[in-house]
Amino acid sequence: MTDAVRTTALTKRFGAQVAVAGVDLIVPAGSFAGLVGPNGAGKTTTLSMITGLLRPDGGQAEIDGLPVWRDTLEVKARIGVLPEGLRLFERLSGRELLIYNGRLRAIPKDEVERRATELLQVMDLAEAADKLVVDYSTGMRKKIGLAAALLHNPSVLFLDEPFEGVDPVSAQTLTEVLRRYTASGSTVIFSSHVMDLVERLCDWVSVMSRGQIVAQGPLAEVRAGRSLNQAFLDLVGRSPEQGDTGLTWLGSGEQR
Ligand SMILES: Nc1ncnc2c1ncn2[C@@H]1O[C@H](COP(=O)(O)OP(=O)(O)OP(=O)(O)O)[C@@H](O)[C@H]1O
């Protein structure tokens, strides 16, 4: 079966800094995949290159076997993206935002309205459907963003920190929606720092550190008998400069 996502030697530099240093990411179709790594590991940069938002300096990215930077339109029709720092049209209501997104993707009006109503219901946003997005809470914004990303029934869904700022009840709702989505053969790739969550949800994990993949495979293989948190610490380690030295002034009770 074709992998949902495959990158080969994907690279990105920002000036002198190499943010992504030859990433070979693989995500089998139908996976619920987690992309984890310390702050600054290059996760967002990698996801941006795979979703056609940031042009790579080198290497290849494929979705469903299609090169992202060659078959851009076809790839964009197949993917849904909930990016980091999601920007939404604030002066639209939740319902209007979904309908606008659906019409941009050329879904017939009746069908968009039907899907929007269902998604608002499932995301528990029906009551807030006619409220302006500017008045939505952080969790509500994540949910309407996810609804917008699902509206065109993509085959691969990319989510950057989808559960950040989401309360436990809403997180359960999001989880159920995503589980149902992958059960039908679609693929979810999400980045997160919450290892418990990744361990609970994912069947596939890719671990990034310093711009490279340091471990990747089925969850049980990456964990290798440890908790995912321990595996993460073992794989990523702590840099020497993060040692126990320093901060001697902290908690000493002295003000100067
Ligand atoms: N537009 C940019 N200009 C300059 N440097 C950047 C830019 N975007 C990212 N970087 C740098 O590239 C590296 C990787 O950043 P990236 O945001 O991809 O990491 P991340 O793994 O998503 O981190 P986090 O978990 O903190 O969100 C970091 O060192 C960051 O400072």
# chains A, B, ... in the order shown; residues from 1 in each chain; ligands from 1
call {"tool": "residues_around", "arguments": {"residues": "region 176-193 of chain A", "least_positions_apart": "5", "cutoff": "6 Å", "atoms": "only C-alpha atoms", "output": "number ranges by chain"}}
result
A: 29-36, 155-161
call {"tool": "write_last_selection", "arguments": {"atoms": "N, CA and C atoms", "output": "compact mmCIF listing (two decimals), in the first residue's frame"}}
result
# COMPACT_ATOMS: atom_id res chain seq x y z
N ALA A 29 -0.61 4.66 5.39
CA ALA A 29 -2.01 5.07 5.25
C ALA A 29 -2.85 4.40 6.34
N GLY A 30 -3.80 5.15 6.88
CA GLY A 30 -4.69 4.64 7.91
C GLY A 30 -4.14 4.76 9.31
N SER A 31 -2.93 5.34 9.44
CA SER A 31 -2.32 5.48 10.76
C SER A 31 -2.94 6.63 11.53
N PHE A 32 -2.84 6.51 12.83
CA PHE A 32 -3.04 7.65 13.73
C PHE A 32 -1.63 7.92 14.22
N ALA A 33 -0.96 8.88 13.59
CA ALA A 33 0.48 9.04 13.80
C ALA A 33 0.81 10.26 14.63
N GLY A 34 1.79 10.11 15.50
CA GLY A 34 2.25 11.23 16.32
C GLY A 34 3.64 11.65 15.87
N LEU A 35 3.84 12.96 15.75
CA LEU A 35 5.17 13.50 15.46
C LEU A 35 5.60 14.23 16.72
N VAL A 36 6.63 13.70 17.39
CA VAL A 36 7.04 14.29 18.66
C VAL A 36 8.51 14.70 18.59
N SER A 155 -7.98 12.89 2.70
CA SER A 155 -7.50 11.54 3.02
C SER A 155 -6.39 11.59 4.06
N VAL A 156 -5.72 12.74 4.18
CA VAL A 156 -4.68 12.89 5.22
C VAL A 156 -4.92 14.21 5.97
N LEU A 157 -4.91 14.11 7.29
CA LEU A 157 -5.18 15.28 8.12
C LEU A 157 -3.95 15.61 8.96
N PHE A 158 -3.48 16.86 8.87
CA PHE A 158 -2.30 17.29 9.63
C PHE A 158 -2.75 18.24 10.74
N LEU A 159 -2.34 17.92 11.95
CA LEU A 159 -2.77 18.73 13.09
C LEU A 159 -1.56 19.12 13.92
N ASP A 160 -1.36 20.42 14.10
CA ASP A 160 -0.24 20.88 14.93
C ASP A 160 -0.79 21.20 16.31
N GLU A 161 -0.42 20.44 17.30
CA GLU A 161 -0.87 20.63 18.69
C GLU A 161 -2.39 20.79 18.79
call {"tool": "residues_around", "arguments": {"residues": "Leu92 (chain A)", "least_positions_apart": "2", "cutoff": "9 Å", "atoms": "only C-alpha atoms", "output": "number ranges by chain"}}
result
A: 88-90, 94-97, 130-134
call {"tool": "write_last_selection", "arguments": {"atoms": "C-alpha atoms", "output": "mmCIF file, in the first residue's frame"}}
result
data_model
loop_
_atom_site.group_PDB
_atom_site.id
_atom_site.type_symbol
_atom_site.label_atom_id
_atom_site.label_comp_id
_atom_site.auth_asym_id
_atom_site.auth_seq_id
_atom_site.Cartn_x
_atom_site.Cartn_y
_atom_site.Cartn_z
ATOM 1 C CA LEU A 88 -9.305 32.353 11.206
ATOM 2 C CA PHE A 89 -11.631 34.901 9.641
ATOM 3 C CA GLU A 90 -12.687 36.495 12.903
ATOM 4 C CA GLY A 94 -18.559 29.524 12.918
ATOM 5 C CA ARG A 95 -21.174 28.396 10.402
ATOM 6 C CA GLU A 96 -20.184 31.075 7.873
ATOM 7 C CA LEU A 97 -16.541 30.091 8.238
ATOM 8 C CA ASP A 130 -23.971 31.927 14.746
ATOM 9 C CA LYS A 131 -21.519 33.594 17.115
ATOM 10 C CA LEU A 132 -18.558 35.433 15.566
ATOM 11 C CA VAL A 133 -15.296 33.483 15.642
ATOM 12 C CA VAL A 134 -13.622 36.453 17.364
#
call {"tool": "atom_distance", "arguments": {"atom1": "CA of Ala16 (chain A)", "atom2": "CA of Glu62 (chain A)"}}
result
26.6 Å
call {"tool": "residues_around", "arguments": {"residues": "region 141-143 of chain A", "least_positions_apart": "3", "cutoff": "8 Å", "atoms": "only C-alpha atoms", "output": "PyMOL selection string"}}
result
chain A and resi 123+133+136-138+146-147+162-163+166+174
call {"tool": "write_last_selection", "arguments": {"atoms": "C-alpha atoms", "output": "PDB file, in the first residue's frame"}}
result
ATOM      1  CA  MET A 123     -18.044  19.355  17.741  1.00  0.00           C
ATOM      2  CA  VAL A 133     -15.296  33.483  15.642  1.00  0.00           C
ATOM      3  CA  TYR A 136     -14.796  31.924  20.447  1.00  0.00           C
ATOM      4  CA  SER A 137     -12.620  30.502  23.246  1.00  0.00           C
ATOM      5  CA  THR A 138      -9.289  28.795  22.507  1.00  0.00           C
ATOM      6  CA  LEU A 146     -10.694  21.031  12.894  1.00  0.00           C
ATOM      7  CA  ALA A 147     -14.205  21.133  11.437  1.00  0.00           C
ATOM      8  CA  PRO A 162      -4.621  20.009  18.244  1.00  0.00           C
ATOM      9  CA  PHE A 163      -5.338  19.483  21.949  1.00  0.00           C
ATOM     10  CA  VAL A 166      -8.815  22.158  24.839  1.00  0.00           C
ATOM     11  CA  LEU A 174     -12.012  15.586  19.125  1.00  0.00           C
TER      12      LEU A 174
END
call {"tool": "select_by_dssp", "arguments": {"residues": "region 17-233 of chain A", "states": "helix (DSSP H, G or I)", "output": "PyMOL selection string"}}
result
chain A and resi 43-50+72-78+94-104+109-122+126-128+133-135+138-150+168-183+195-201+219-223+228-233
call {"tool": "residues_near_ligand", "arguments": {"ligand": "ligand 1", "cutoff": "12 Å", "atoms": "only C-alpha atoms and all ligand atoms", "output": "PyMOL selection string"}}
result
chain A and resi 11-21+35-49+53-55+83-85+159-161+164+190-194+207-213
call {"tool": "write_last_selection", "arguments": {"atoms": "N, CA and C atoms", "output": "CSV table (one decimal), in the first residue's frame"}}
result
chain,number,residue,atom,x,y,z
A,11,THR,N,14.9,19.0,3.6
A,11,THR,CA,15.8,19.9,4.3
A,11,THR,C,15.3,21.4,4.2
A,12,LYS,N,15.5,22.1,5.3
A,12,LYS,CA,15.2,23.6,5.3
A,12,LYS,C,16.2,24.3,6.2
A,13,ARG,N,16.7,25.4,5.7
A,13,ARG,CA,17.6,26.3,6.4
A,13,ARG,C,17.0,27.6,6.6
A,14,PHE,N,17.2,28.3,7.7
A,14,PHE,CA,16.8,29.7,7.9
A,14,PHE,C,18.2,30.4,8.2
A,15,GLY,N,18.7,31.0,7.2
A,15,GLY,CA,20.0,31.7,7.3
A,15,GLY,C,21.0,30.6,7.6
A,16,ALA,N,21.8,30.8,8.7
A,16,ALA,CA,22.8,29.8,9.0
A,16,ALA,C,22.3,28.6,9.7
A,17,GLN,N,21.0,28.7,10.2
A,17,GLN,CA,20.5,27.6,11.0
A,17,GLN,C,19.8,26.6,10.1
A,18,VAL,N,20.2,25.3,10.3
A,18,VAL,CA,19.5,24.2,9.6
A,18,VAL,C,18.4,23.7,10.5
A,19,ALA,N,17.1,24.0,10.1
A,19,ALA,CA,16.0,23.6,10.9
A,19,ALA,C,15.6,22.2,10.7
A,20,VAL,N,15.6,21.8,9.5
A,20,VAL,CA,15.3,20.4,9.1
A,20,VAL,C,16.5,19.8,8.3
A,21,ALA,N,17.1,18.8,8.8
A,21,ALA,CA,18.4,18.3,8.3
A,21,ALA,C,18.3,17.0,7.6
A,35,LEU,N,3.8,13.0,15.8
A,35,LEU,CA,5.2,13.5,15.5
A,35,LEU,C,5.6,14.2,16.7
A,36,VAL,N,6.6,13.7,17.4
A,36,VAL,CA,7.0,14.3,18.7
A,36,VAL,C,8.5,14.7,18.6
A,37,GLY,N,8.9,15.6,19.5
A,37,GLY,CA,10.3,16.1,19.5
A,37,GLY,C,10.3,17.3,20.4
A,38,PRO,N,11.5,17.6,20.9
A,38,PRO,CA,11.7,18.8,21.8
A,38,PRO,C,11.4,20.1,21.1
A,39,ASN,N,11.2,21.2,21.8
A,39,ASN,CA,11.0,22.5,21.2
A,39,ASN,C,12.2,22.8,20.3
A,40,GLY,N,11.8,23.2,19.1
A,40,GLY,CA,12.8,23.6,18.1
A,40,GLY,C,13.4,22.4,17.3
A,41,ALA,N,12.8,21.2,17.5
A,41,ALA,CA,13.3,20.0,16.8
A,41,ALA,C,13.1,20.1,15.3
A,42,GLY,N,12.1,20.9,14.8
A,42,GLY,CA,11.8,21.0,13.4
A,42,GLY,C,10.5,20.4,13.0
A,43,LYS,N,9.6,20.2,13.9
A,43,LYS,CA,8.3,19.5,13.6
A,43,LYS,C,7.4,20.4,12.7
A,44,THR,N,7.2,21.7,13.2
A,44,THR,CA,6.4,22.6,12.5
A,44,THR,C,7.0,22.9,11.1
A,45,THR,N,8.3,23.1,11.0
A,45,THR,CA,8.9,23.3,9.7
A,45,THR,C,8.7,22.1,8.8
A,46,THR,N,8.8,20.9,9.3
A,46,THR,CA,8.6,19.7,8.5
A,46,THR,C,7.2,19.7,8.0
A,47,LEU,N,6.2,19.8,8.9
A,47,LEU,CA,4.8,19.8,8.5
A,47,LEU,C,4.5,20.9,7.5
A,48,SER,N,5.1,22.0,7.7
A,48,SER,CA,4.8,23.1,6.7
A,48,SER,C,5.3,22.8,5.3
A,49,MET,N,6.4,22.1,5.2
A,49,MET,CA,6.9,21.7,3.9
A,49,MET,C,6.1,20.6,3.3
A,53,LEU,N,3.1,24.6,2.5
A,53,LEU,CA,3.1,26.0,3.0
A,53,LEU,C,4.5,26.6,3.0
A,54,LEU,N,5.5,25.8,2.9
A,54,LEU,CA,6.9,26.3,3.0
A,54,LEU,C,7.7,25.4,2.0
A,55,ARG,N,8.4,26.1,1.1
A,55,ARG,CA,9.1,25.4,0.1
A,55,ARG,C,10.4,24.8,0.7
A,83,PRO,N,-3.2,24.2,11.3
A,83,PRO,CA,-1.8,24.7,11.6
A,83,PRO,C,-1.6,25.2,13.0
A,84,GLU,N,-0.4,25.4,13.3
A,84,GLU,CA,0.0,26.0,14.6
A,84,GLU,C,-0.4,27.5,14.5
A,85,GLY,N,-0.8,28.1,15.5
A,85,GLY,CA,-1.2,29.5,15.5
A,85,GLY,C,-2.3,29.8,14.5
A,159,LEU,N,-2.3,17.9,12.0
A,159,LEU,CA,-2.8,18.7,13.1
A,159,LEU,C,-1.6,19.1,13.9
A,160,ASP,N,-1.4,20.4,14.1
A,160,ASP,CA,-0.2,20.9,14.9
A,160,ASP,C,-0.8,21.2,16.3
A,161,GLU,N,-0.4,20.4,17.3
A,161,GLU,CA,-0.9,20.6,18.7
A,161,GLU,C,-2.4,20.8,18.8
A,164,GLU,N,-4.0,21.5,22.4
A,164,GLU,CA,-3.6,22.6,23.3
A,164,GLU,C,-4.7,23.5,23.6
A,190,PHE,N,-0.3,14.1,13.8
A,190,PHE,CA,-0.4,15.3,14.7
A,190,PHE,C,0.9,15.4,15.5
A,191,SER,N,1.3,16.7,15.8
A,191,SER,CA,2.4,16.9,16.6
A,191,SER,C,1.9,17.3,18.0
A,192,SER,N,2.7,16.8,19.0
A,192,SER,CA,2.3,17.1,20.3
A,192,SER,C,3.5,16.9,21.3
A,193,HIS,N,3.4,17.6,22.4
A,193,HIS,CA,4.4,17.4,23.5
A,193,HIS,C,3.9,16.5,24.6
A,194,VAL,N,2.6,16.2,24.5
A,194,VAL,CA,2.0,15.4,25.5
A,194,VAL,C,2.1,13.9,25.3
A,207,VAL,N,9.8,10.3,16.0
A,207,VAL,CA,10.5,11.1,16.9
A,207,VAL,C,11.5,12.0,16.2
A,208,MET,N,11.4,13.3,16.4
A,208,MET,CA,12.4,14.2,15.8
A,208,MET,C,13.3,14.9,16.8
A,209,SER,N,14.5,15.0,16.5
A,209,SER,CA,15.4,15.8,17.4
A,209,SER,C,16.4,16.5,16.5
A,210,ARG,N,16.7,17.8,16.8
A,210,ARG,CA,17.7,18.6,16.0
A,210,ARG,C,17.6,18.4,14.5
A,211,GLY,N,16.3,18.5,14.0
A,211,GLY,CA,16.1,18.5,12.6
A,211,GLY,C,16.2,17.1,11.9
A,212,GLN,N,16.2,16.0,12.7
A,212,GLN,CA,16.3,14.7,12.1
A,212,GLN,C,15.3,13.7,12.8
A,213,ILE,N,14.9,12.7,12.1
A,213,ILE,CA,14.1,11.6,12.7
A,213,ILE,C,15.1,10.7,13.4
call {"tool": "closest_residue", "arguments": {"among": "A:Val5, A:Val27, A:Val205, A:Ala149", "to": "Pro67 (chain A)", "atoms": "only C-alpha atoms"}}
result
A:Val5
call {"tool": "closest_residue", "arguments": {"among": "A:Gln230, A:Gln216, A:Thr7, A:Thr117", "to": "Ala148 (chain A)", "atoms": "only C-alpha atoms"}}
result
A:Thr117
